[in-house]
Structures are given as C-alpha cells and as structure tokens.
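Working notes, structure below.
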Amino acid sequence: MPAQGREERTVLRTAIALLAMVTAGCSLATEQQPQQGSQQTVTLVTHDSFAVRKELLDEFQKTSGIKVEVRKSGDAGALTNQLVLTKANPIGDIAYGVDSTFASRALNENVFQPYEAQGANKRYQLDATNRLTAIDIGDVCVNVHTSGLKGTAEPTTFEDLADPKYKDMLVVESPATSSPGLAFLLGTILHFGEDGWQGYWTKLKANGVKVVSGWEEAYNQEFSGTGKGTRPLVVSYASSPAATPDTKALLETCYRQVEYAGVLQGAKNPEGAKKVLDFMLSQQFQAEVPDQMYVYPAREGVALPEAWQKSAPMPGDVEATLPAQDVDRNRESWVNQWRSLVQG
C-alpha cells in the first residue's frame, strides 16, 4: 500500500471503520471451542488500517478460547521493516498487512513459516510453501470527477493524462511518501517500460501535474470530487467511487496491490495463529472486508456489497502488477529517479 503509505487508505475509510477499529486487547476467536474454559493468546501484528466489526468479533469470541492482542505498527513499509528487524525474537504470532510491494523482502528474510490456510486463493500465491496468504486486494487507479471536467471528454489511459487538454487537472501523491503514489509510479513503469516511463513523467510535469505528500491531501484537499479542491483527476483507488458520488475510476490506469497475512517464524503460539488466519479467510470475515477496510476480498466467491457492485466494481481479469522481486530490487532507484525528474 512505502515509508508512510498506509495512512492514506486509513483516512479513506475512517468514516466507515472508526467504530470497528481494533485496539490492543480486543479479542478474536476461532471456530474451535475453548478447551475447558482456558484462553489462549495470539498476538496479531498489523498496520494501522486493520478493522473489523465488533459484532463479528463477539461471535468469534463465543466459539473460541483464543484472544487476539492486536499490535499496530504504522504502515505496510514500517510493518515489514519491524518484522525483519525482530525476526530473531518475533513481536507476535501472526502478521497482517505486508503488501505485494514489500512481500519479497519479508520472504527473502524468512520472516514467515509455511501454512496453507483454509480458503486461500492460489491466484495470489507468492511461493510454493504458502508462507503468505492473500487477505485483500486493492487497485490504485486515477479517479475522475465527471462534472469537474466541465465538458471535457473523460480521459481513459495513461497517455491521455499527458494530453494538454488535461493541463493542471491531475494531482498525484509522491511515491517517496505515499503508498498509492508508489503504486501509480509502478503502474507507469509497467505500462511504459524501463525505457519509457521517465519520458512520460517529464510530459506529466510539463502538463502541470501537482504532487502532494499523501492521499489525504490529494483526495480531500486538491480533488474537486470532494468539493474542496479544483483538480478533477486524482490518484486514488478503484473502490473510492463507492464513497464519493459523481466520480469513477479509470480502470486502464489501475495497479494492483495485494495484502497478505502469515504465521511468524518463532511464534509462541503458531497453532493459534493458524486458526486466526483461517478466520480471516472465512466467508464471514471476507464479506465484511469492503465496508470495514475499503478493499476487495481475496477469497473467491465472496460477493461485493450492492453499493460496490454499482459504483466500485472490482477491475476485471487485468491484474497490472510488477513482480515483487523486481519492485524490491529497484524500488529505491526508481523513486530516486522520479525525484530527479519531477522534483529536481
């Protein structure tokens, strides 16, 4: 979702998820019955955006003796860094929120242990040993405020965004400080290739693209679709139109991010952690992922809420993403090149 990236998506779903945010000490339960009244503890390390409905947790608690202590660790980048630095003495039993941008680093550092979770979607499997399991999917795309274009035809492609007719209309987040900003940069690298993306960003700069530090500033301050800004084009999510009328996502500009969970190597309660992971892939939990965490469920066969089906359908079979190993190897270099081109 980068060094300070997850806060952007957290702001997007604050209105929906605030009452359901899980704080340290709240409890989950597994589908197993408690053993003779005893209670196990599983420590879940996660980013700040983890949220789940209280009633679902309560029901989960009734059918289990497992208490989940939630330890939040900033955004996806900060979470991954902490897991790597503490792998010899892990700070939890299970971790959620390592996304496809950082997954290869966690796997290379052997942070997670193998476990094939019930209901896992093999489509997003990263390695043969099932050390990470996909929990949710987010597509970063340019969003357009339809009426904000004031009669100008809607753009559809990356190339359109550099057309002079859209001069001074686009606002993006910095890939150095924002998860969607990094995803948009990666999307341009995937689309234009190593030999073409720099030239494309040079055109965007000449066309008046505005760069801000994060999603909240871009979407809630600069984007005209929220009624506060003047720019009708913004980098956000395919799911954003579900919460913002008169907007739509440009699906040809999407870049897919997947969030994973896994049982940590050296976990004090690995068996309990596996059961919690199974619960996160249950039909009940997955069905509430859109409204609670504003992303798409990773489990196959889980229907989206009706409002999402109308205004924020999941992008189709086109899964635009770079190999995680390529991102891990080149991320710092790409961001530095972007800085020189756009901010230099």
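Chain identifiers are assigned as A, B, and so on, following the order in which chains appear in the structure tokens; residues are numbered from 1 within each chain, and ligands are numbered from 1 in order of appearance.
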
For this session: Pick out each residue of range 107-208 of chain A that DSSP on the backbone tags as alpha helix (DSSP H); I need them as JSON, numbers by chain.
Result: {"A": [107, 108, 158, 159, 160, 161, 179, 180, 181, 182, 183, 184, 185, 186, 187, 188, 189, 190, 191, 192, 197, 198, 199, 200, 201, 202, 203, 204, 205, 206]}

Problem set entry | Who sits within 12 Å of Pro155 in chain A, only C-alpha atoms, same chain under 2 positions skipped, as a ChimeraX atom specification | /A:142-146,149,151-153,157-167,169-170,232-234,248-253

Hey, could you make a per-residue contact list for range 237-314 of chain A against range 51-74 of chain A with 9 Å as the cut-off, showing the nearest pair of atoms and its distance in Å to one decimal, counting only C-alpha atoms, sorted by chain and number, as a tab-separated table?
```
residue	atom	partner	partner_atom	distance
A:Gly272	CA	A:Ile66	CA	7.0
A:Ala273	CA	A:Val68	CA	8.9
A:Lys275	CA	A:Ile66	CA	8.9
A:Val276	CA	A:Val68	CA	8.2
A:Phe279	CA	A:Phe60	CA	8.7
A:Gln284	CA	A:Leu56	CA	8.0
A:Phe285	CA	A:Leu56	CA	7.8
A:Glu288	CA	A:Val52	CA	7.6
A:Val289	CA	A:Val52	CA	7.8
A:Gln292	CA	A:Ala51	CA	5.8
A:Met293	CA	A:Ala51	CA	6.0
```

Take the residues from that selection and put them in a file with C-alpha atoms, as a short mmCIF file (atom, residue, chain, number, x, y, z; two decimals), in the first residue's frame.
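Result written to out07.cif:
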```cif
data_model
loop_
_atom_site.label_atom_id
_atom_site.label_comp_id
_atom_site.auth_asym_id
_atom_site.auth_seq_id
_atom_site.Cartn_x
_atom_site.Cartn_y
_atom_site.Cartn_z
CA GLY A 272 -3.45 -20.45 17.45
CA ALA A 273 -2.07 -18.13 14.80
CA LYS A 275 -6.61 -20.63 13.35
CA VAL A 276 -6.78 -16.84 13.34
CA PHE A 279 -10.78 -16.97 10.37
CA GLN A 284 -17.97 -14.02 7.22
CA PHE A 285 -14.77 -12.03 7.62
CA GLU A 288 -17.06 -7.52 5.52
CA VAL A 289 -13.63 -6.57 4.17
CA GLN A 292 -14.55 -2.34 7.10
CA MET A 293 -11.21 -1.90 5.32
#
```

For this session: Just the residues within 10 Å of Thr129 in chain A, please, counting only C-alpha atoms, with nothing from its chain fewer than 4 positions along; format it as JSON, numbers by chain.
Result: {"A": [113, 114, 115, 116, 125]}

For this session: as an NGL selection string, please: all residues of range 208-278 of chain A that backbone DSSP puts in strand (DSSP E).
Result: :A and (210-212 or 233-237 or 247-263)

For this session: Could you tell me how far CA of Pro175 in chain A lies from CA of Glu194 in chain A, in Å and to one decimal?
Result: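 Atom-to-atom, CA of Pro175 in chain A and CA of Glu194 in chain A are spaced 16.7 Å apart.
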
For this session: Quick one: everything within 6 Å of range 203-219 of chain A, counting only C-alpha atoms, minus sequence neighbours fewer than 4 positions away in the same chain. Send it as a PyMOL selection string.
Result: chain A and resi 8+162+167-168+170-174+177-178+223

For this session: Write out as an MDAnalysis selection string which residues come within 12 Å of Arg329 in chain A when counting only C-alpha atoms, dropping same-chain ones fewer than 2 positions away.
Result: chainID A and resid 101:105 108 322:327 331:335
